[in-house]
Structures are given as structure tokens and as C-alpha cells.
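Coordinates as given in upload.tsv (TSV, C-alpha atoms and all ligand atoms):
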```tsv
chain	number	residue	atom	x	y	z
A	20	MET	CA	-60.56	19.86	-30.18
A	21	ILE	CA	-62.08	18.67	-26.91
A	22	GLY	CA	-65.74	19.53	-26.20
A	23	ALA	CA	-66.64	20.08	-29.81
A	24	PHE	CA	-70.10	18.88	-30.59
A	25	VAL	CA	-72.58	21.32	-29.21
A	26	GLY	CA	-72.23	24.92	-28.17
A	27	ILE	CA	-69.57	27.48	-28.97
A	28	PHE	CA	-67.67	25.60	-31.67
A	29	GLU	CA	-70.36	23.31	-33.07
A	30	ALA	CA	-71.85	25.40	-35.84
A	31	GLN	CA	-68.57	26.98	-36.77
A	32	PHE	CA	-67.01	24.13	-38.70
A	33	SER	CA	-69.27	24.82	-41.64
A	34	GLN	CA	-69.08	28.59	-41.41
A	35	CYS	CA	-65.53	29.68	-40.76
A	36	PHE	CA	-63.27	26.97	-39.33
A	37	TRP	CA	-61.57	26.05	-42.57
A	38	ALA	CA	-61.36	29.67	-43.68
A	39	HIS	CA	-58.30	29.88	-41.43
A	40	GLU	CA	-56.68	26.76	-42.82
A	41	GLU	CA	-53.81	28.44	-44.68
A	42	ALA	CA	-52.70	30.58	-41.74
A	43	ALA	CA	-52.83	27.62	-39.36
A	44	LEU	CA	-50.93	25.29	-41.70
A	45	GLY	CA	-48.19	27.86	-42.29
A	46	LEU	CA	-47.04	27.57	-38.69
A	47	TRP	CA	-45.49	24.10	-38.77
A	48	THR	CA	-43.09	22.62	-41.27
A	49	ASP	CA	-44.35	19.04	-41.07
A	50	CYS	CA	-48.02	19.82	-41.79
A	51	GLY	CA	-49.59	18.40	-44.92
A	52	SER	CA	-51.63	20.43	-47.36
A	53	SER	CA	-54.88	20.42	-45.42
A	54	LEU	CA	-56.12	21.01	-41.92
A	55	GLN	CA	-57.22	17.80	-40.22
A	56	VAL	CA	-59.37	17.89	-37.13
A	57	ALA	CA	-59.97	15.33	-34.38
A	58	LEU	CA	-63.12	16.05	-32.41
A	59	LEU	CA	-63.05	14.63	-28.88
A	60	ASP	CA	-66.30	14.67	-26.92
A	61	MET	CA	-68.35	12.51	-24.59
A	62	ASN	CA	-71.61	13.29	-26.40
A	63	LYS	CA	-72.01	10.43	-28.92
A	64	THR	CA	-75.47	11.37	-30.17
A	65	GLU	CA	-74.59	14.92	-31.15
A	66	ALA	CA	-71.30	13.66	-32.55
A	67	GLU	CA	-72.92	11.29	-35.00
A	68	SER	CA	-75.21	13.89	-36.57
A	69	LEU	CA	-72.55	16.62	-36.80
A	70	MET	CA	-69.97	14.18	-38.20
A	71	GLN	CA	-72.39	13.20	-40.99
A	72	THR	CA	-72.75	16.84	-42.02
A	73	LEU	CA	-69.05	17.61	-41.75
A	74	THR	CA	-67.78	14.57	-43.61
A	75	LYS	CA	-70.10	15.36	-46.53
A	76	GLN	CA	-68.64	18.84	-46.69
A	77	TYR	CA	-64.95	18.26	-45.98
A	78	GLY	CA	-64.30	14.56	-46.59
A	79	GLN	CA	-63.82	11.68	-44.17
A	80	GLU	CA	-60.03	11.79	-44.36
A	81	ARG	CA	-59.88	15.21	-42.70
A	82	LEU	CA	-62.03	14.41	-39.68
A	83	LEU	CA	-61.94	12.02	-36.78
A	84	PHE	CA	-64.44	11.64	-33.96
A	85	LEU	CA	-63.19	10.13	-30.73
A	86	HIS	CA	-65.43	9.45	-27.78
A	87	CYS	CA	-63.62	10.84	-24.77
A	88	ASP	CA	-64.47	12.07	-21.27
A	89	VAL	CA	-61.89	14.55	-19.97
A	90	GLU	CA	-62.37	13.14	-16.48
A	91	GLN	CA	-60.94	9.80	-17.67
A	92	GLU	CA	-57.13	9.92	-18.07
A	93	GLU	CA	-56.95	6.69	-20.12
A	94	GLN	CA	-59.61	7.90	-22.57
A	95	VAL	CA	-57.80	11.19	-23.18
A	96	LYS	CA	-54.47	9.41	-23.58
A	97	ALA	CA	-55.97	6.89	-26.04
A	98	ALA	CA	-57.70	9.66	-28.03
A	99	PHE	CA	-54.43	11.59	-28.50
A	100	GLN	CA	-52.62	8.40	-29.49
A	101	LYS	CA	-55.32	7.60	-32.06
A	102	THR	CA	-55.04	11.16	-33.42
A	103	MET	CA	-51.25	10.74	-33.75
A	104	ASP	CA	-51.66	7.37	-35.49
A	105	THR	CA	-54.27	8.74	-37.91
A	106	PHE	CA	-52.93	12.20	-38.74
A	107	GLY	CA	-49.23	11.83	-37.85
A	108	GLY	CA	-49.04	14.75	-35.41
A	109	ILE	CA	-50.89	17.18	-33.15
A	110	HIS	CA	-50.16	20.91	-33.53
A	111	ILE	CA	-53.20	22.63	-32.02
A	112	LEU	CA	-55.20	21.62	-28.94
A	113	CYS	CA	-58.42	23.40	-28.06
A	114	ASN	CA	-59.47	22.58	-24.50
A	115	ASN	CA	-63.11	23.64	-24.75
A	116	ALA	CA	-65.07	21.05	-22.71
A	117	GLY	CA	-66.84	22.70	-19.80
A	118	ILE	CA	-69.95	22.47	-17.65
A	119	LEU	CA	-71.91	24.79	-15.35
A	120	ASN	CA	-73.75	23.45	-12.31
A	121	GLU	CA	-73.07	24.99	-8.90
A	122	SER	CA	-74.80	22.03	-7.18
A	123	THR	CA	-72.27	19.47	-8.46
A	124	TRP	CA	-69.33	21.74	-7.79
A	125	GLU	CA	-66.64	19.09	-7.37
A	126	LYS	CA	-67.47	17.67	-10.78
A	127	MET	CA	-67.32	21.18	-12.23
A	128	ILE	CA	-63.76	21.64	-10.95
A	129	SER	CA	-62.93	18.17	-12.27
A	130	VAL	CA	-64.15	18.87	-15.82
A	131	ASN	CA	-63.40	22.60	-16.17
A	132	LEU	CA	-60.00	22.77	-14.48
A	133	VAL	CA	-58.59	19.28	-13.87
A	134	GLY	CA	-59.70	18.24	-17.38
A	135	VAL	CA	-57.78	21.15	-18.94
A	136	ILE	CA	-54.64	20.35	-16.95
A	137	ARG	CA	-54.89	16.63	-17.75
A	138	ALA	CA	-55.32	17.15	-21.49
A	139	THR	CA	-52.52	19.73	-21.56
A	140	TYR	CA	-50.01	17.43	-19.86
A	141	LEU	CA	-50.98	14.50	-22.07
A	142	VAL	CA	-50.81	16.46	-25.34
A	143	LEU	CA	-47.40	17.88	-24.41
A	144	GLU	CA	-46.08	14.31	-24.67
A	145	HIS	CA	-46.71	14.65	-28.43
A	146	MET	CA	-46.13	18.40	-29.05
A	147	ASN	CA	-43.07	19.06	-26.89
A	148	LYS	CA	-39.96	19.69	-29.04
A	149	LEU	CA	-37.76	18.16	-26.32
A	150	LYS	CA	-39.66	14.87	-26.83
A	151	GLY	CA	-39.46	14.84	-30.63
A	152	GLY	CA	-42.63	16.85	-31.27
A	153	GLN	CA	-42.94	19.80	-33.65
A	154	GLY	CA	-44.19	22.27	-31.04
A	155	GLY	CA	-47.66	23.70	-31.18
A	156	VAL	CA	-50.27	25.86	-29.54
A	157	ILE	CA	-52.84	25.13	-26.84
A	158	VAL	CA	-55.94	27.31	-26.47
A	159	ASN	CA	-58.00	26.83	-23.33
A	160	THR	CA	-61.57	28.10	-23.17
A	161	ALA	CA	-61.88	30.02	-19.90
A	162	SER	CA	-64.54	32.77	-19.62
A	163	LEU	CA	-64.94	36.41	-18.54
A	164	ALA	CA	-65.59	34.60	-15.24
A	165	GLY	CA	-61.87	33.70	-15.36
A	166	ILE	CA	-61.05	37.40	-15.00
A	167	GLY	CA	-63.79	38.77	-12.74
A	168	PRO	CA	-66.39	37.25	-10.43
A	169	LEU	CA	-69.62	35.76	-11.72
A	170	VAL	CA	-71.25	36.19	-8.32
A	171	SER	CA	-74.03	33.61	-8.74
A	172	CYS	CA	-71.41	30.99	-9.70
A	173	PRO	CA	-68.51	31.00	-7.22
A	174	VAL	CA	-67.16	27.57	-8.13
A	175	TYR	CA	-67.55	28.09	-11.90
A	176	THR	CA	-65.65	31.38	-11.33
A	177	ALA	CA	-62.94	29.51	-9.40
A	178	SER	CA	-62.62	26.88	-12.15
A	179	LYS	CA	-62.21	29.56	-14.84
A	180	HIS	CA	-59.77	31.66	-12.77
A	181	GLY	CA	-57.85	28.40	-12.42
A	182	VAL	CA	-57.79	27.96	-16.20
A	183	VAL	CA	-56.46	31.51	-16.70
A	184	GLY	CA	-53.79	31.04	-14.00
A	185	PHE	CA	-52.77	27.64	-15.35
A	186	THR	CA	-52.56	29.06	-18.89
A	187	ARG	CA	-50.28	31.92	-17.87
A	188	ALA	CA	-47.94	29.82	-15.71
A	189	MET	CA	-47.88	26.90	-18.18
A	190	SER	CA	-47.02	29.27	-21.01
A	191	ALA	CA	-44.05	30.64	-19.07
A	192	ALA	CA	-42.98	27.15	-17.98
A	193	SER	CA	-43.13	25.92	-21.58
A	194	ALA	CA	-41.14	28.90	-22.90
A	195	LEU	CA	-38.46	28.64	-20.22
A	196	SER	CA	-38.16	24.88	-20.75
A	197	GLY	CA	-37.89	25.09	-24.55
A	198	TYR	CA	-40.99	22.99	-25.32
A	199	GLY	CA	-41.89	25.13	-28.38
A	200	VAL	CA	-45.54	25.14	-27.31
A	201	ARG	CA	-47.53	28.36	-26.83
A	202	VAL	CA	-50.43	28.35	-24.35
A	203	ASN	CA	-53.27	30.92	-24.48
A	204	CYS	CA	-56.83	31.24	-23.24
A	205	LEU	CA	-60.11	32.58	-24.52
A	206	CYS	CA	-62.39	34.51	-22.18
A	207	PRO	CA	-65.78	34.93	-23.87
A	208	GLY	CA	-68.79	36.71	-22.40
A	209	PHE	CA	-72.26	35.13	-22.60
A	210	VAL	CA	-72.84	32.89	-25.64
A	211	GLN	CA	-76.22	31.36	-26.53
A	212	THR	CA	-75.51	27.65	-26.02
A	213	GLY	CA	-76.87	24.74	-24.00
A	214	LEU	CA	-74.62	25.75	-21.10
A	215	PHE	CA	-76.24	29.19	-21.12
A	216	SER	CA	-79.78	27.86	-20.72
A	217	ASN	CA	-82.01	27.06	-17.77
A	218	ILE	CA	-79.73	29.26	-15.66
A	219	PRO	CA	-81.63	29.31	-12.30
A	220	ALA	CA	-81.37	25.50	-12.08
A	221	ARG	CA	-77.59	25.69	-12.70
A	222	LEU	CA	-76.99	28.19	-9.90
A	223	GLY	CA	-77.77	25.62	-7.16
A	224	PRO	CA	-77.52	27.32	-3.75
A	225	PHE	CA	-77.36	30.72	-5.47
A	226	SER	CA	-80.50	30.47	-7.61
A	227	HIS	CA	-81.84	33.48	-5.67
A	228	LEU	CA	-79.13	35.57	-7.42
A	229	LYS	CA	-80.56	34.90	-10.88
A	230	ASP	CA	-81.83	38.49	-11.33
A	231	GLY	CA	-78.34	39.91	-10.77
A	232	THR	CA	-77.02	37.44	-13.36
A	233	GLN	CA	-79.68	38.62	-15.81
A	234	LEU	CA	-78.57	42.23	-15.26
A	235	LEU	CA	-75.00	41.19	-16.09
A	236	VAL	CA	-76.25	39.51	-19.29
A	237	GLU	CA	-78.01	42.76	-20.24
A	238	LYS	CA	-74.85	44.77	-19.45
A	239	PHE	CA	-72.49	42.57	-21.48
A	240	GLY	CA	-74.93	41.41	-24.21
A	241	ILE	CA	-74.61	38.14	-26.10
A	242	VAL	CA	-71.46	37.22	-28.04
A	243	ASN	CA	-71.87	35.36	-31.37
A	244	MET	CA	-70.24	31.96	-31.73
A	245	SER	CA	-68.39	33.21	-34.82
A	246	GLN	CA	-66.75	35.95	-32.72
A	247	VAL	CA	-65.41	33.26	-30.37
A	248	VAL	CA	-64.02	31.22	-33.28
A	249	GLU	CA	-62.34	34.31	-34.79
A	250	ALA	CA	-60.72	35.01	-31.41
A	251	PHE	CA	-59.62	31.36	-31.17
A	252	PHE	CA	-57.81	31.61	-34.53
A	253	GLU	CA	-56.16	34.88	-33.54
A	254	LEU	CA	-54.61	33.04	-30.59
A	255	VAL	CA	-53.57	30.14	-32.83
A	256	THR	CA	-52.06	32.10	-35.72
A	257	ASP	CA	-50.50	35.14	-34.00
A	258	GLU	CA	-47.13	33.76	-32.94
A	259	THR	CA	-46.55	36.70	-30.59
A	260	LYS	CA	-49.40	35.49	-28.38
A	261	ASP	CA	-48.18	33.23	-25.56
A	262	GLY	CA	-49.75	33.29	-22.09
A	263	ALA	CA	-52.45	35.62	-23.43
A	264	ALA	CA	-55.99	35.91	-22.08
A	265	LEU	CA	-58.25	37.26	-24.84
A	266	LEU	CA	-61.55	38.74	-23.65
A	267	VAL	CA	-64.40	38.44	-26.16
A	268	PHE	CA	-67.16	41.02	-25.67
A	269	GLN	CA	-70.15	41.69	-27.92
A	270	GLN	CA	-68.57	44.85	-29.37
A	271	GLU	CA	-64.84	44.14	-29.22
A	272	ARG	CA	-62.09	41.80	-28.12
A	273	LYS	CA	-59.13	42.80	-26.00
A	274	TYR	CA	-56.21	41.27	-24.13
A	275	MET	CA	-56.14	41.19	-20.33
A	276	PRO	CA	-52.60	41.65	-19.01
A	277	ALA	CA	-51.67	39.68	-15.90
A	278	VAL	CA	-51.39	41.79	-12.75
A	279	SER	CA	-47.80	42.19	-11.56
A	280	VAL	CA	-47.14	42.11	-7.83
A	281	THR	CA	-43.46	42.98	-8.15
A	282	ASP	CA	-43.70	46.47	-9.76
B	301	LIG	N1	-71.92	29.61	-23.20
B	301	LIG	C1	-71.32	30.62	-22.57
B	301	LIG	O1	-71.94	31.66	-22.27
B	301	LIG	C2	-69.86	30.53	-22.25
B	301	LIG	C3	-69.17	29.32	-22.26
B	301	LIG	N2	-67.83	29.31	-21.92
B	301	LIG	C4	-67.07	28.08	-21.92
B	301	LIG	O2	-67.04	27.57	-23.24
B	301	LIG	C5	-66.88	26.16	-23.21
B	301	LIG	C6	-67.93	25.54	-24.09
B	301	LIG	O3	-69.19	25.85	-23.54
B	301	LIG	P1	-70.55	25.85	-24.36
B	301	LIG	O4	-70.30	25.60	-25.79
B	301	LIG	O5	-71.28	27.04	-23.95
B	301	LIG	O6	-71.24	24.61	-23.64
B	301	LIG	P2	-72.06	23.39	-24.22
B	301	LIG	O7	-72.65	22.69	-23.04
B	301	LIG	O8	-72.96	23.86	-25.29
B	301	LIG	O9	-70.90	22.48	-24.88
B	301	LIG	C7	-69.92	21.88	-24.10
B	301	LIG	C8	-69.30	20.72	-24.85
B	301	LIG	O10	-68.38	20.09	-23.97
B	301	LIG	C9	-68.65	18.68	-23.95
B	301	LIG	N3	-68.29	18.13	-22.63
B	301	LIG	C10	-68.85	18.40	-21.42
B	301	LIG	N4	-68.28	17.65	-20.47
B	301	LIG	C11	-67.33	16.90	-21.08
B	301	LIG	C12	-66.40	15.92	-20.62
B	301	LIG	N5	-66.35	15.53	-19.34
B	301	LIG	N6	-65.57	15.37	-21.52
B	301	LIG	C13	-65.62	15.71	-22.83
B	301	LIG	N7	-66.48	16.62	-23.34
B	301	LIG	C14	-67.33	17.20	-22.47
B	301	LIG	C15	-70.14	18.58	-24.23
B	301	LIG	O11	-70.52	17.29	-24.67
B	301	LIG	C16	-70.31	19.66	-25.28
B	301	LIG	O12	-70.01	19.19	-26.57
B	301	LIG	C17	-66.97	25.76	-21.73
B	301	LIG	O13	-65.67	25.58	-21.23
B	301	LIG	C18	-67.64	26.95	-21.08
B	301	LIG	O14	-67.34	27.07	-19.73
B	301	LIG	C19	-67.14	30.46	-21.63
B	301	LIG	C20	-67.78	31.65	-21.63
B	301	LIG	C21	-69.18	31.78	-21.95
B	302	LIG	C1	-74.73	32.17	-15.72
B	302	LIG	C2	-74.32	31.89	-17.13
B	302	LIG	C3	-72.84	31.68	-17.28
B	302	LIG	C4	-72.42	31.54	-18.69
B	302	LIG	C5	-71.03	31.12	-18.84
B	302	LIG	C6	-69.97	32.16	-18.80
B	302	LIG	O1	-68.84	31.79	-18.57
B	302	LIG	C7	-70.26	33.53	-19.05
B	302	LIG	C8	-69.64	34.55	-18.40
B	302	LIG	C9	-69.80	35.92	-18.83
B	302	LIG	C10	-69.62	37.02	-18.08
B	302	LIG	C11	-69.67	37.17	-16.60
B	302	LIG	C12	-68.47	36.88	-15.83
B	302	LIG	C13	-67.79	37.73	-15.08
B	302	LIG	C14	-67.94	39.18	-15.15
B	302	LIG	C15	-66.96	39.93	-14.37
B	302	LIG	C16	-65.95	40.66	-14.80
B	302	LIG	C17	-65.49	40.86	-16.18
B	302	LIG	C18	-64.37	41.90	-16.16
B	302	LIG	C19	-64.03	42.40	-17.52
B	302	LIG	C20	-63.27	43.71	-17.48
B	302	LIG	O2	-63.46	44.54	-18.35
B	302	LIG	O3	-62.44	43.91	-16.59
```

Kindly transcribe the structure held in the file into C-alpha cells.
Ligand SMILES: NC(=O)C1=CN([C@@H]2O[C@H](COP(=O)(O)OP(=O)(O)OC[C@H]3O[C@@H](n4cnc5c(N)ncnc54)[C@H](O)[C@@H]3O)[C@@H](O)[C@H]2O)C=CC1
Ligand SMILES: CCCCCC(=O)/C=C/C=C\C/C=C\C/C=C\CCCC(=O)O
Amino acid sequence: MIGAFVGIFEAQFSQCFWAHEEAALGLWTDCGSSLQVALLDMNKTEAESLMQTLTKQYGQERLLFLHCDVEQEEQVKAAFQKTMDTFGGIHILCNNAGILNESTWEKMISVNLVGVIRATYLVLEHMNKLKGGQGGVIVNTASLAGIGPLVSCPVYTASKHGVVGFTRAMSAASALSGYGVRVNCLCPGFVQTGLFSNIPARLGPFSHLKDGTQLLVEKFGIVNMSQVVEAFFELVTDETKDGAALLVFQQERKYMPAVSVTD
């Protein structure tokens, strides 16, 4: 899991991550008897405190923390190699690292979109059945802003539309090529995390649109982190889901079909 230490997935390890262990393990023949998780993140401070809690609860042998910045190709490559050496395989990749700052928009594209593409290509070296892997599933965290416009955040919107488009095309490319790897994306609404704080400062040149953003928050409401994790596991364990974009609202979750231009 990349981008694992604060925010959407942080609290969930204790609450419901391992509740889905059996369903996840059932998908691949070479898996051992327990789910093992490598947490890749650039935030060392948060990592150390969460790792202490998690290792007490689940045991050191099931967890691995690897410092890794998705903007750095060599770091991502080394982190996947270390995961392979430690656990013997990679079956699930969660591309969750993301940032929001409309002022540093090139960096936002680099982390939110280029980072997802980079990690996907590198992990395929290990998962791809044509290269001796066991297949697997990749879940990219996009956003509702990957489906419709978040007007105060044009570049964040572009990065998340890019993630949805990449997911759909990569899924089809993988299926047609026989990689044995499914690719899906999560599109949550607003979630109470560090990214969803101090919003006016994150909007950069569009800070004057903060009131409209607040109205959207009131319209959609706030999604619980546990709802996002449940949606994540649906995409992992439902083998019919490939190229899917799963929208996570406060009251429900639903799939967003891709628009066809040939009908
Ligand atoms: N909070 C929200 O309302 C929503 C968030 N999302 C998406 O969910 C994902 C997670 O966001 P949150 O948990 O809200 O944010 P967050 O800021 O609380 O957590 C993001 C995590 O990604 C890590 N990260 C950031 N840049 C990184 C890099 N270059 N390399 C490696 N790790 C890096 C951070 O250290 C942190 O652990 C993001 O992709 C975000 O765009 C999607 C919809 C709604
Ligand atoms: C400003 C805070 C941003 C928080 C991060 C994030 O990604 C949250 C996004 C949530 C919702 C807003 C995005 C776009 C809304 C537009 C369209 C959704 C269309 C859904 C549909 O039913 O068709």
C-alpha cells in the first residue's frame, strides 16, 4: 500500500483491514496463511508511531514499512523488490498517495498521476503472469473529482480524471495482453483527513471559490474512512470488477460506467 500512514487508510488497519483477510487470500494459489502488508510512504514520523501500534497487534512478521517517495523511480523500484524479498510476492497494490495544492500544480500531477502510473508499471514487473508473476489486482485511489469537476481545483480534478482514465485503459490493456492483473479505482467523496483541511490555502489561485466548495461538501456530506476501506476490499475481492470506478458517497456506493463514444 502506497500512501498509508495518515488519512483514509491509516486508522483502518486496526478496525477492519484484517477482517477481509480470508477473502483476499482466497484469490491466489501461492499465498500463505496470512495477509502480509508492506506500507510504503514518505512520512517517516507518522510511520514509526503507527508501525509500533500495528506490530503489537498483528506481529512484526506480517508488516513492513518502507520509506518511499512515489516521485522517485528508484525508491519505488527498491521498495517493491524489498517487498518481494521479504514476503515472496505481491498480489495487491493500493496506489493511495495523493496531495492537494493548486499552487504547486506540477508537483500535484507528478504525485497524483505520474506516481500512480510509475508504481503500476513497476509492480507489473512482479505481478504480470507473462513475467512469472501470479497475477493480482491494483486499486488506485482517484476521487469523485475523477468523475466530475471540483471547480476550485482544476489541476487536482485533471490529476484524478487522469487516474480514472489510466485505470480503465490499463485494465483493458492488461486483460487483452494476458497479464492476469485487474485494475480498478476508488472515487470517494469528502473524507475528514489532513488533505481535507485548511482548504482555502490549498486552492491557490482559486481560494475565492472556497464558499462554492463548502456548498459541495454540504451537498455530498462526509464519507467515513471505514466506508472507503470497505469499497477498497470490494474492488479487491470481487473478481468480476476490472476497469471499474467505484464512487463512494455518504449514503451509498455505486459504479460509474465509462461513457461510450461508439454507440
Ligand atoms: N480526503 C479526501 O476528502 C479525499 C481524498 N482522496 C484521495 O485519497 C488519497 C489519500 O488522501 P488522504 O488520506 O485524504 O490524504 P492524507 O494527506 O491524509 O494522506 C496521504 C498519504 O499519502 C502520503 N504521500 C503524499 N505524498 C507522497 C509521496 N510523494 N510519496 C509517498 N507517499 C506520499 C502521505 O505521507 C500520507 O500518508 C489521495 O490520493 C487523495 O487524493 C480522494 C477523495 C477524497
Ligand atoms: C477541496 C477538498 C477536496 C477533497 C478531496 C477530494 O477529492 C474530494 C472530492 C469530493 C467531491 C467533489 C468532486 C467532484 C464533484 C463532481 C461530480 C461528482 C459526480 C457524481 C455523479 O453522481 O455523477

Find the axis-aligned box for ligand LIG 302 (chain B), covering all its listed atoms and adding 6 Å on each side, and write its centre and edge lengths in Å to one decimal as AutoDock Vina command-line options.
```
--center_x -68.6 --center_y 37.8 --center_z -16.7 --size_x 24.3 --size_y 25.4 --size_z 16.7
```

Considering all atoms listed in the file, tabulate each residue of chain A that lies at most 6 Å from ligand LIG 302 (chain B) along with its nearest interatomic pair and the corresponding distance in Å to one decimal; arrange the rows by chain and ascending residue number and present them as JSON lines.
```
{"residue": "A:Ser162", "atom": "CA", "partner": "B:LIG302", "partner_atom": "O1", "distance": 4.5}
{"residue": "A:Leu163", "atom": "CA", "partner": "B:LIG302", "partner_atom": "C12", "distance": 4.5}
{"residue": "A:Ala164", "atom": "CA", "partner": "B:LIG302", "partner_atom": "C12", "distance": 3.7}
{"residue": "A:Ile166", "atom": "CA", "partner": "B:LIG302", "partner_atom": "C18", "distance": 5.7}
{"residue": "A:Gly167", "atom": "CA", "partner": "B:LIG302", "partner_atom": "C16", "distance": 3.5}
{"residue": "A:Pro168", "atom": "CA", "partner": "B:LIG302", "partner_atom": "C15", "distance": 4.8}
{"residue": "A:Leu169", "atom": "CA", "partner": "B:LIG302", "partner_atom": "C13", "distance": 4.3}
{"residue": "A:Gly208", "atom": "CA", "partner": "B:LIG302", "partner_atom": "C9", "distance": 3.8}
{"residue": "A:Phe209", "atom": "CA", "partner": "B:LIG302", "partner_atom": "C7", "distance": 4.4}
{"residue": "A:Phe215", "atom": "CA", "partner": "B:LIG302", "partner_atom": "C4", "distance": 5.1}
{"residue": "A:Ile218", "atom": "CA", "partner": "B:LIG302", "partner_atom": "C1", "distance": 5.8}
```

Check which residues of chain A sit at most 6 Å from ligand LIG 301 (chain B) using only C-alpha atoms and all ligand atoms, and return one row each with the closest pair of atoms and their distance in Å to one decimal, ordered by chain and rising number, as CSV.
```
residue,atom,partner,partner_atom,distance
A:Gly22,CA,B:LIG301,O10,3.5
A:Ala23,CA,B:LIG301,O12,4.8
A:Phe24,CA,B:LIG301,O12,4.0
A:Val25,CA,B:LIG301,O12,4.3
A:Gly26,CA,B:LIG301,O4,3.1
A:Ile27,CA,B:LIG301,O4,3.8
A:Asp60,CA,B:LIG301,N7,4.1
A:Met61,CA,B:LIG301,C13,4.6
A:Asn62,CA,B:LIG301,O11,4.5
A:Cys87,CA,B:LIG301,C13,5.6
A:Asp88,CA,B:LIG301,N6,3.5
A:Val89,CA,B:LIG301,N6,4.1
A:Glu90,CA,B:LIG301,N5,5.5
A:Asn115,CA,B:LIG301,O13,4.8
A:Ala116,CA,B:LIG301,O10,3.7
A:Gly117,CA,B:LIG301,O13,3.4
A:Ile118,CA,B:LIG301,C10,5.7
A:Val130,CA,B:LIG301,N5,5.3
A:Thr160,CA,B:LIG301,O13,5.2
A:Ala161,CA,B:LIG301,C19,5.6
A:Ser162,CA,B:LIG301,C20,4.0
A:Pro207,CA,B:LIG301,C20,4.4
A:Gly208,CA,B:LIG301,C21,5.0
A:Phe209,CA,B:LIG301,O1,3.5
A:Val210,CA,B:LIG301,O1,3.7
A:Gln211,CA,B:LIG301,N1,5.7
A:Thr212,CA,B:LIG301,O8,4.6
A:Gly213,CA,B:LIG301,O8,4.2
A:Leu214,CA,B:LIG301,O7,4.1
A:Phe215,CA,B:LIG301,N1,4.8
```

Just-selected residues, C-alpha atoms written as a tab-separated table (two decimals), keeping the file's coordinate frame:
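The result, stored in out39.tsv:
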```
chain	number	residue	atom	x	y	z
A	22	GLY	CA	-65.74	19.53	-26.20
A	23	ALA	CA	-66.64	20.08	-29.81
A	24	PHE	CA	-70.10	18.88	-30.59
A	25	VAL	CA	-72.58	21.32	-29.21
A	26	GLY	CA	-72.23	24.92	-28.17
A	27	ILE	CA	-69.57	27.48	-28.97
A	60	ASP	CA	-66.30	14.67	-26.92
A	61	MET	CA	-68.35	12.51	-24.59
A	62	ASN	CA	-71.61	13.29	-26.40
A	87	CYS	CA	-63.62	10.84	-24.77
A	88	ASP	CA	-64.47	12.07	-21.27
A	89	VAL	CA	-61.89	14.55	-19.97
A	90	GLU	CA	-62.37	13.14	-16.48
A	115	ASN	CA	-63.11	23.64	-24.75
A	116	ALA	CA	-65.07	21.05	-22.71
A	117	GLY	CA	-66.84	22.70	-19.80
A	118	ILE	CA	-69.95	22.47	-17.65
A	130	VAL	CA	-64.15	18.87	-15.82
A	160	THR	CA	-61.57	28.10	-23.17
A	161	ALA	CA	-61.88	30.02	-19.90
A	162	SER	CA	-64.54	32.77	-19.62
A	207	PRO	CA	-65.78	34.93	-23.87
A	208	GLY	CA	-68.79	36.71	-22.40
A	209	PHE	CA	-72.26	35.13	-22.60
A	210	VAL	CA	-72.84	32.89	-25.64
A	211	GLN	CA	-76.22	31.36	-26.53
A	212	THR	CA	-75.51	27.65	-26.02
A	213	GLY	CA	-76.87	24.74	-24.00
A	214	LEU	CA	-74.62	25.75	-21.10
A	215	PHE	CA	-76.24	29.19	-21.12
```

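We find CA of Leu85 (chain A) and CA of Leu58 (chain A) to be spaced 6.2 Å apart.
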
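Between CA of Ile21 (chain A) and CA of Ala138 (chain A) lies a distance of 8.8 Å.
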
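The interatomic distance for the pair CA of Val280 (chain A) and CA of Ala191 (chain A) works out to 16.4 Å.
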
Worksheet entry | Sphere at (-59.6, 13.2, -44.6), radius 8 Å, counting only C-alpha atoms: residues as an NGL selection string | :A and (55 or 77-82)

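Minimum atom-to-atom distance to Ala264 (chain A), evaluated using only C-alpha atoms, belongs to A:Val183 out of A:Val183, A:Met20, A:Leu228, A:Met127.
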
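The smallest atom-to-atom distance between Leu222 (chain A) and any of A:Asn243, A:Thr123, A:Gln76, A:Gln153, using only C-alpha atoms, is found for A:Thr123.
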